[in-house]
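Here is coords-v7.pdb, consisting of PDB, C-alpha atoms:
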```
ATOM      1  CA  ASP A   1      58.895  62.447 -83.019
ATOM      2  CA  ALA A   2      57.645  59.118 -84.364
ATOM      3  CA  GLY A   3      54.768  57.512 -82.541
ATOM      4  CA  VAL A   4      54.119  53.827 -81.974
ATOM      5  CA  ILE A   5      54.477  52.053 -85.295
ATOM      6  CA  GLN A   6      52.515  48.921 -86.089
ATOM      7  CA  SER A   7      52.572  46.673 -89.108
ATOM      8  CA  PRO A   8      50.789  45.526 -91.078
ATOM      9  CA  ARG A   9      47.852  47.931 -91.001
ATOM     10  CA  HIS A  10      45.545  45.325 -92.457
ATOM     11  CA  GLU A  11      45.828  41.556 -92.622
ATOM     12  CA  VAL A  12      43.419  39.140 -94.231
ATOM     13  CA  THR A  13      44.246  35.468 -94.041
ATOM     14  CA  GLU A  14      42.614  32.091 -93.938
ATOM     15  CA  MET A  15      41.854  30.124 -90.846
ATOM     16  CA  GLY A  16      44.750  27.991 -89.701
ATOM     17  CA  GLN A  17      47.445  30.307 -90.979
ATOM     18  CA  GLU A  18      50.049  31.880 -88.751
ATOM     19  CA  VAL A  19      49.706  35.611 -88.200
ATOM     20  CA  THR A  20      52.470  37.884 -86.913
ATOM     21  CA  LEU A  21      51.787  41.446 -85.843
ATOM     22  CA  ARG A  22      54.654  43.836 -85.253
ATOM     23  CA  CYS A  23      55.169  46.876 -83.080
ATOM     24  CA  LYS A  24      57.882  49.470 -82.620
ATOM     25  CA  PRO A  25      57.343  51.498 -79.434
ATOM     26  CA  ILE A  26      58.261  55.133 -78.965
ATOM     27  CA  SER A  27      61.966  55.502 -78.323
ATOM     28  CA  GLY A  28      62.659  55.755 -74.606
ATOM     29  CA  HIS A  29      59.434  54.077 -73.582
ATOM     30  CA  ASN A  30      60.071  50.913 -71.619
ATOM     31  CA  SER A  31      56.535  49.631 -71.158
ATOM     32  CA  LEU A  32      54.755  48.015 -74.076
ATOM     33  CA  PHE A  33      51.175  46.794 -74.216
ATOM     34  CA  TRP A  34      49.174  44.690 -76.662
ATOM     35  CA  TYR A  35      45.402  45.230 -76.783
ATOM     36  CA  ARG A  36      42.606  43.698 -78.776
ATOM     37  CA  GLN A  37      39.461  45.639 -79.673
ATOM     38  CA  THR A  38      36.181  44.065 -80.762
ATOM     39  CA  MET A  39      32.611  45.263 -80.770
ATOM     40  CA  MET A  40      31.565  42.540 -78.362
ATOM     41  CA  ARG A  41      34.358  42.767 -75.797
ATOM     42  CA  GLY A  42      35.671  46.299 -76.191
ATOM     43  CA  LEU A  43      39.331  46.961 -75.453
ATOM     44  CA  GLU A  44      41.126  44.086 -73.772
ATOM     45  CA  LEU A  45      44.705  44.054 -72.542
ATOM     46  CA  LEU A  46      46.401  40.921 -73.810
ATOM     47  CA  ILE A  47      49.918  41.239 -72.444
ATOM     48  CA  TYR A  48      52.384  43.859 -71.368
ATOM     49  CA  PHE A  49      56.137  44.150 -71.013
ATOM     50  CA  ASN A  50      58.375  46.232 -68.785
ATOM     51  CA  ASN A  51      61.981  46.548 -69.940
ATOM     52  CA  ASN A  52      61.370  43.783 -72.487
ATOM     53  CA  VAL A  53      60.175  41.337 -69.815
ATOM     54  CA  PRO A  54      56.584  40.044 -69.930
ATOM     55  CA  ILE A  55      54.888  41.100 -66.700
ATOM     56  CA  ASP A  56      51.275  40.115 -67.123
ATOM     57  CA  ASP A  57      49.973  37.815 -69.844
ATOM     58  CA  SER A  58      46.725  36.908 -68.128
ATOM     59  CA  GLY A  59      44.769  38.500 -70.946
ATOM     60  CA  MET A  60      46.187  36.240 -73.629
ATOM     61  CA  PRO A  61      43.149  34.241 -74.667
ATOM     62  CA  GLU A  62      44.721  30.914 -75.545
ATOM     63  CA  ASP A  63      47.979  29.127 -76.121
ATOM     64  CA  ARG A  64      47.579  29.976 -79.776
ATOM     65  CA  PHE A  65      48.638  33.499 -78.846
ATOM     66  CA  SER A  66      52.222  34.369 -78.021
ATOM     67  CA  ALA A  67      54.148  37.621 -77.709
ATOM     68  CA  LYS A  68      57.815  38.469 -77.609
ATOM     69  CA  MET A  69      59.913  41.535 -77.090
ATOM     70  CA  PRO A  70      63.473  40.674 -78.092
ATOM     71  CA  ASN A  71      64.705  44.237 -77.622
ATOM     72  CA  ALA A  72      63.536  47.651 -76.529
ATOM     73  CA  SER A  73      62.448  48.696 -79.985
ATOM     74  CA  PHE A  74      60.491  45.724 -81.257
ATOM     75  CA  SER A  75      57.704  43.396 -80.238
ATOM     76  CA  THR A  76      55.622  40.760 -81.980
ATOM     77  CA  LEU A  77      52.261  39.200 -81.312
ATOM     78  CA  LYS A  78      51.780  35.858 -82.997
ATOM     79  CA  ILE A  79      48.658  33.782 -83.509
ATOM     80  CA  GLN A  80      49.142  30.188 -84.595
ATOM     81  CA  PRO A  81      46.869  28.719 -85.792
ATOM     82  CA  SER A  82      44.496  31.598 -86.427
ATOM     83  CA  GLU A  83      40.709  31.247 -86.135
ATOM     84  CA  PRO A  84      37.858  33.458 -87.376
ATOM     85  CA  ARG A  85      37.082  34.562 -83.799
ATOM     86  CA  ASP A  86      40.525  36.168 -83.654
ATOM     87  CA  SER A  87      39.302  38.806 -86.100
ATOM     88  CA  ALA A  88      39.701  42.161 -84.371
ATOM     89  CA  VAL A  89      41.779  45.311 -84.302
ATOM     90  CA  TYR A  90      45.016  44.778 -82.407
ATOM     91  CA  PHE A  91      46.656  47.812 -80.861
ATOM     92  CA  CYS A  92      50.115  48.224 -79.486
ATOM     93  CA  ALA A  93      50.788  50.977 -76.953
ATOM     94  CA  SER A  94      53.855  52.190 -75.103
ATOM     95  CA  SER A  95      54.599  54.374 -72.104
ATOM     96  CA  GLU A  96      57.357  55.423 -69.763
ATOM     97  CA  TRP A  97      57.242  53.000 -66.876
ATOM     98  CA  GLN A  98      58.929  55.281 -64.402
ATOM     99  CA  HIS A  99      56.463  58.036 -65.118
ATOM    100  CA  SER A 100      53.149  56.326 -64.761
ATOM    101  CA  ASN A 101      51.438  59.720 -64.771
ATOM    102  CA  GLN A 102      51.998  59.762 -68.505
ATOM    103  CA  PRO A 103      49.389  58.240 -70.795
ATOM    104  CA  GLN A 104      49.935  55.206 -72.934
ATOM    105  CA  HIS A 105      50.488  56.106 -76.571
ATOM    106  CA  PHE A 106      48.705  53.917 -79.070
ATOM    107  CA  GLY A 107      49.701  52.845 -82.550
ATOM    108  CA  ASP A 108      47.305  52.924 -85.474
ATOM    109  CA  GLY A 109      46.404  49.279 -84.981
ATOM    110  CA  THR A 110      46.324  46.196 -87.174
ATOM    111  CA  ARG A 111      42.921  45.260 -88.521
ATOM    112  CA  LEU A 112      42.957  41.462 -88.693
ATOM    113  CA  SER A 113      40.393  39.406 -90.568
ATOM    114  CA  ILE A 114      40.515  35.623 -90.422
ATOM    115  CA  LEU A 115      38.363  33.977 -93.067
TER     116      LEU A 115
ATOM    117  CA  GLU B   1      38.931  42.540 -60.540
ATOM    118  CA  LEU B   2      38.735  46.194 -61.476
ATOM    119  CA  LYS B   3      35.566  47.114 -63.342
ATOM    120  CA  VAL B   4      35.077  50.356 -65.203
ATOM    121  CA  GLU B   5      31.639  51.434 -66.336
ATOM    122  CA  GLN B   6      30.728  54.330 -68.534
ATOM    123  CA  ASN B   7      27.370  55.855 -69.210
ATOM    124  CA  PRO B   8      25.738  56.546 -71.410
ATOM    125  CA  LEU B   9      26.977  54.085 -74.016
ATOM    126  CA  PHE B  10      25.485  56.143 -76.816
ATOM    127  CA  LEU B  11      24.818  59.850 -76.852
ATOM    128  CA  SER B  12      23.236  61.834 -79.609
ATOM    129  CA  MET B  13      23.150  65.548 -79.027
ATOM    130  CA  GLN B  14      22.629  68.749 -80.922
ATOM    131  CA  GLU B  15      25.305  71.281 -81.571
ATOM    132  CA  GLY B  16      25.473  73.918 -78.878
ATOM    133  CA  LYS B  17      24.191  71.682 -76.106
ATOM    134  CA  ASN B  18      25.993  70.586 -72.942
ATOM    135  CA  TYR B  19      26.300  67.073 -71.650
ATOM    136  CA  THR B  20      28.292  64.912 -69.248
ATOM    137  CA  ILE B  21      29.729  61.428 -69.638
ATOM    138  CA  TYR B  22      30.246  59.432 -66.456
ATOM    139  CA  CYS B  23      32.915  56.903 -65.602
ATOM    140  CA  ASN B  24      32.585  54.752 -62.484
ATOM    141  CA  TYR B  25      35.193  52.286 -61.287
ATOM    142  CA  SER B  26      35.174  49.609 -58.661
ATOM    143  CA  THR B  27      38.470  49.813 -56.759
ATOM    144  CA  THR B  28      40.768  52.432 -55.352
ATOM    145  CA  SER B  29      42.819  54.292 -57.905
ATOM    146  CA  ASP B  30      44.061  57.844 -58.197
ATOM    147  CA  ARG B  31      44.972  57.805 -61.849
ATOM    148  CA  LEU B  32      42.438  58.059 -64.586
ATOM    149  CA  TYR B  33      42.790  58.733 -68.290
ATOM    150  CA  TRP B  34      40.409  59.852 -70.978
ATOM    151  CA  TYR B  35      40.919  58.872 -74.599
ATOM    152  CA  ARG B  36      39.161  59.713 -77.828
ATOM    153  CA  GLN B  37      38.785  57.327 -80.757
ATOM    154  CA  ASP B  38      37.521  58.312 -84.188
ATOM    155  CA  PRO B  39      35.996  55.544 -86.337
ATOM    156  CA  GLY B  40      38.684  53.268 -87.717
ATOM    157  CA  LYS B  41      41.408  55.214 -85.967
ATOM    158  CA  SER B  42      43.699  54.873 -82.997
ATOM    159  CA  LEU B  43      43.153  56.111 -79.444
ATOM    160  CA  GLU B  44      44.242  59.635 -78.694
ATOM    161  CA  SER B  45      45.002  60.721 -75.148
ATOM    162  CA  LEU B  46      42.853  63.628 -73.965
ATOM    163  CA  PHE B  47      43.368  63.980 -70.237
ATOM    164  CA  VAL B  48      45.419  62.515 -67.414
ATOM    165  CA  LEU B  49      43.894  62.936 -63.947
ATOM    166  CA  LEU B  50      46.263  62.121 -61.144
ATOM    167  CA  SER B  51      44.626  63.041 -57.862
ATOM    168  CA  ASN B  52      41.357  63.547 -56.098
ATOM    169  CA  GLY B  53      39.733  66.761 -57.220
ATOM    170  CA  ALA B  54      41.835  67.040 -60.367
ATOM    171  CA  VAL B  55      40.219  69.038 -63.138
ATOM    172  CA  LYS B  56      41.577  69.422 -66.651
ATOM    173  CA  GLN B  57      40.117  71.442 -69.514
ATOM    174  CA  GLU B  58      40.875  71.533 -73.202
ATOM    175  CA  GLY B  59      38.599  73.517 -75.450
ATOM    176  CA  ARG B  60      35.010  72.358 -75.014
ATOM    177  CA  LEU B  61      35.957  69.344 -72.901
ATOM    178  CA  MET B  62      36.515  69.299 -69.170
ATOM    179  CA  ALA B  63      37.394  66.233 -67.114
ATOM    180  CA  SER B  64      37.301  65.800 -63.360
ATOM    181  CA  LEU B  65      38.129  63.086 -60.871
ATOM    182  CA  ASP B  66      36.574  62.224 -57.505
ATOM    183  CA  THR B  67      38.561  59.324 -56.104
ATOM    184  CA  LYS B  68      36.377  59.015 -53.024
ATOM    185  CA  ALA B  69      33.300  58.460 -55.149
ATOM    186  CA  ARG B  70      35.359  56.494 -57.693
ATOM    187  CA  LEU B  71      33.901  58.702 -60.373
ATOM    188  CA  SER B  72      35.218  60.736 -63.246
ATOM    189  CA  THR B  73      33.207  62.971 -65.529
ATOM    190  CA  LEU B  74      33.842  64.316 -68.995
ATOM    191  CA  HIS B  75      31.788  67.438 -69.569
ATOM    192  CA  ILE B  76      31.070  68.731 -73.033
ATOM    193  CA  THR B  77      30.235  72.405 -73.377
ATOM    194  CA  ALA B  78      28.447  73.774 -76.438
ATOM    195  CA  ALA B  79      29.076  70.667 -78.500
ATOM    196  CA  VAL B  80      30.246  70.904 -82.094
ATOM    197  CA  HIS B  81      30.135  68.259 -84.807
ATOM    198  CA  ASP B  82      33.904  67.720 -84.651
ATOM    199  CA  LEU B  83      33.519  66.241 -81.177
ATOM    200  CA  SER B  84      31.700  63.231 -82.610
ATOM    201  CA  ALA B  85      33.788  60.206 -81.603
ATOM    202  CA  THR B  86      33.943  57.436 -79.029
ATOM    203  CA  TYR B  87      35.308  58.452 -75.642
ATOM    204  CA  PHE B  88      36.943  56.001 -73.290
ATOM    205  CA  CYS B  89      37.958  56.352 -69.690
ATOM    206  CA  ALA B  90      40.705  54.094 -68.383
ATOM    207  CA  VAL B  91      41.648  53.458 -64.786
ATOM    208  CA  ASP B  92      45.177  52.767 -63.673
ATOM    209  CA  ALA B  93      46.076  49.877 -61.388
ATOM    210  CA  LEU B  94      49.635  49.785 -60.124
ATOM    211  CA  LEU B  95      51.097  46.320 -60.292
ATOM    212  CA  THR B  96      53.461  44.553 -57.936
ATOM    213  CA  GLY B  97      55.654  43.709 -60.894
ATOM    214  CA  GLY B  98      56.005  47.357 -61.652
ATOM    215  CA  GLY B  99      54.412  49.663 -64.159
ATOM    216  CA  ASN B 100      50.769  50.373 -64.559
ATOM    217  CA  LYS B 101      47.925  48.509 -66.164
ATOM    218  CA  LEU B 102      44.912  50.267 -67.628
ATOM    219  CA  THR B 103      41.411  48.904 -67.527
ATOM    220  CA  PHE B 104      39.206  50.583 -70.103
ATOM    221  CA  GLY B 105      35.560  51.427 -69.856
ATOM    222  CA  THR B 106      33.067  50.348 -72.478
ATOM    223  CA  GLY B 107      33.262  53.654 -74.289
ATOM    224  CA  THR B 108      30.660  56.327 -74.997
ATOM    225  CA  GLN B 109      29.813  56.832 -78.638
ATOM    226  CA  LEU B 110      29.031  60.511 -79.080
ATOM    227  CA  LYS B 111      27.268  61.865 -82.121
ATOM    228  CA  VAL B 112      26.783  65.594 -82.419
ATOM    229  CA  GLU B 113      24.074  66.466 -84.881
ATOM    230  CA  LEU B 114      24.514  69.486 -87.089
TER     231      LEU B 114
END
```
Write-out of the structure in structure tokens:
Amino acid sequence: DAGVIQSPRHEVTEMGQEVTLRCKPISGHNSLFWYRQTMMRGLELLIYFNNNVPIDDSGMPEDRFSAKMPNASFSTLKIQPSEPRDSAVYFCASSEWQHSNQPQHFGDGTRLSIL
Amino acid sequence: ELKVEQNPLFLSMQEGKNYTIYCNYSTTSDRLYWYRQDPGKSLESLFVLLSNGAVKQEGRLMASLDTKARLSTLHITAAVHDLSATYFCAVDALLTGGGNKLTFGTGTQLKVEL
């Protein structure tokens, strides 16, 4: 059974460039979460979706960040324009909404470096 | 705003010793999760605690939940080097829009010395 799949695993780009991170949740999971992890701030929830609909985006740091979930099997997190302070590991996680006693399952993350 | 605090932040212990990691949270919740993260890796679910008094055990790790005290503990028995990792607790807040939102603690970086 495939887990949460994220791509790319690593991304290095220059400041000002657009960055797109991708996530495929576990089949059958209808909640999807985007997190950011840094040494300074720990794990932060950026946004989450239920049944492809954004429910809470209060963690999105700025308008430069946007996320979409066009269907149940795909989501993107976009940063435009990127800045060095966006450097972090970005995790996608999914879970079964109706069974909130189940844990969220995390992908391997995208390690993003903005130069 | 839900706050989740873990202590200690760093823990260095010898193999064979016992120790407990504490997770305190600020608002009512009856769902708490423990995760493990190895350096440069993803988060792996360890335990799901769903009610007051819940206790789960897996190998040398045992987790418990006291919802009245808003406290969960992760107890390590006879530590081995392979347990070296960062451990996170996460508290569940049910949302009016549906689904659940986790707030993570700061993490406890555990190093078990050979």
Legend entry - Evaluate the PyMOL selection byres ((chain A) within 9 of (chain B)) and report residues as a PyMOL selection string: chain A and resi 31+33+41-45+48-50+55-56+91+96-109
Legend entry - Selection dump of the PyMOL selection byres ((chain A and resi 9-14) around 12), as a ChimeraX atom specification: /A:5-8,15-23,79-92,107-115 /B:40-42
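Taking only C-alpha atoms, the non-local environment of Leu71 of chain B within 9 Å (same-chain residues fewer than 2 positions away omitted) comprises Tyr22, Cys23, Asn24, Tyr25, Ser64, Leu65, Asp66, Thr67, Lys68, Ala69 and Thr73 of chain B.
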Put a box with edges along x, y and z around all the listed atoms of segment 74-90 of chain B, pad it by 6 Å on each side, then give me its centre and sizes in Å, one decimal, as AutoDock Vina command-line options.
```
--center_x 34.6 --center_y 63.9 --center_z -76.6 --size_x 24.3 --size_y 31.7 --size_z 28.4
```
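Nearest to Lys24 of chain A of all the residues A:Ser95, A:Thr76, A:Thr38, A:Ser66 is A:Thr76, based on only C-alpha atoms.
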Inset, instruction - Given the file shown, enumerate the residues that the PyMOL selection byres ((chain B and resi 1) around 10) captures and present them as an MDAnalysis selection string. - result: chainID B and resid 2:4 26:27 103
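In this model, the gap between atom CA of Tyr87 of chain B and atom CA of Ile26 of chain A comes to 23.4 Å.
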Inset, instruction - Could you check how far atom CA of Glu62 of chain A sits from atom CA of Phe74 of chain A, in Å to one decimal? - result: 22.4 Å
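Among the candidates B:Ala78, B:Ala63, B:Leu83, B:Ala54, the residue lying nearest to Leu110 of chain B is B:Leu83 (atoms considered: only C-alpha atoms).
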Legend entry - Interatomic distance, atom CA of Val112 of chain B to atom CA of Leu74 of chain B (Å, one decimal): 15.2 Å
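Among the candidate residues B:Ser29, B:Gln6, B:Gln109, B:Lys56, the one lying nearest to Thr86 of chain B is B:Gln109, with distances computed using only C-alpha atoms.
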Legend entry - Residues near Asn18 of chain B, cut-off 7 Å, all atoms listed in the file, skip fewer than 5 positions along chain, as a VMD selection string: chain B and resid 76 to 79
Inset, instruction - Identify the residues within 8 Å of coordinate (38.2, 63.7, -83.0) (same frame as the file), considering all atoms listed in the file, and give the answer as number ranges by chain. - result: B: 36-38, 82-85
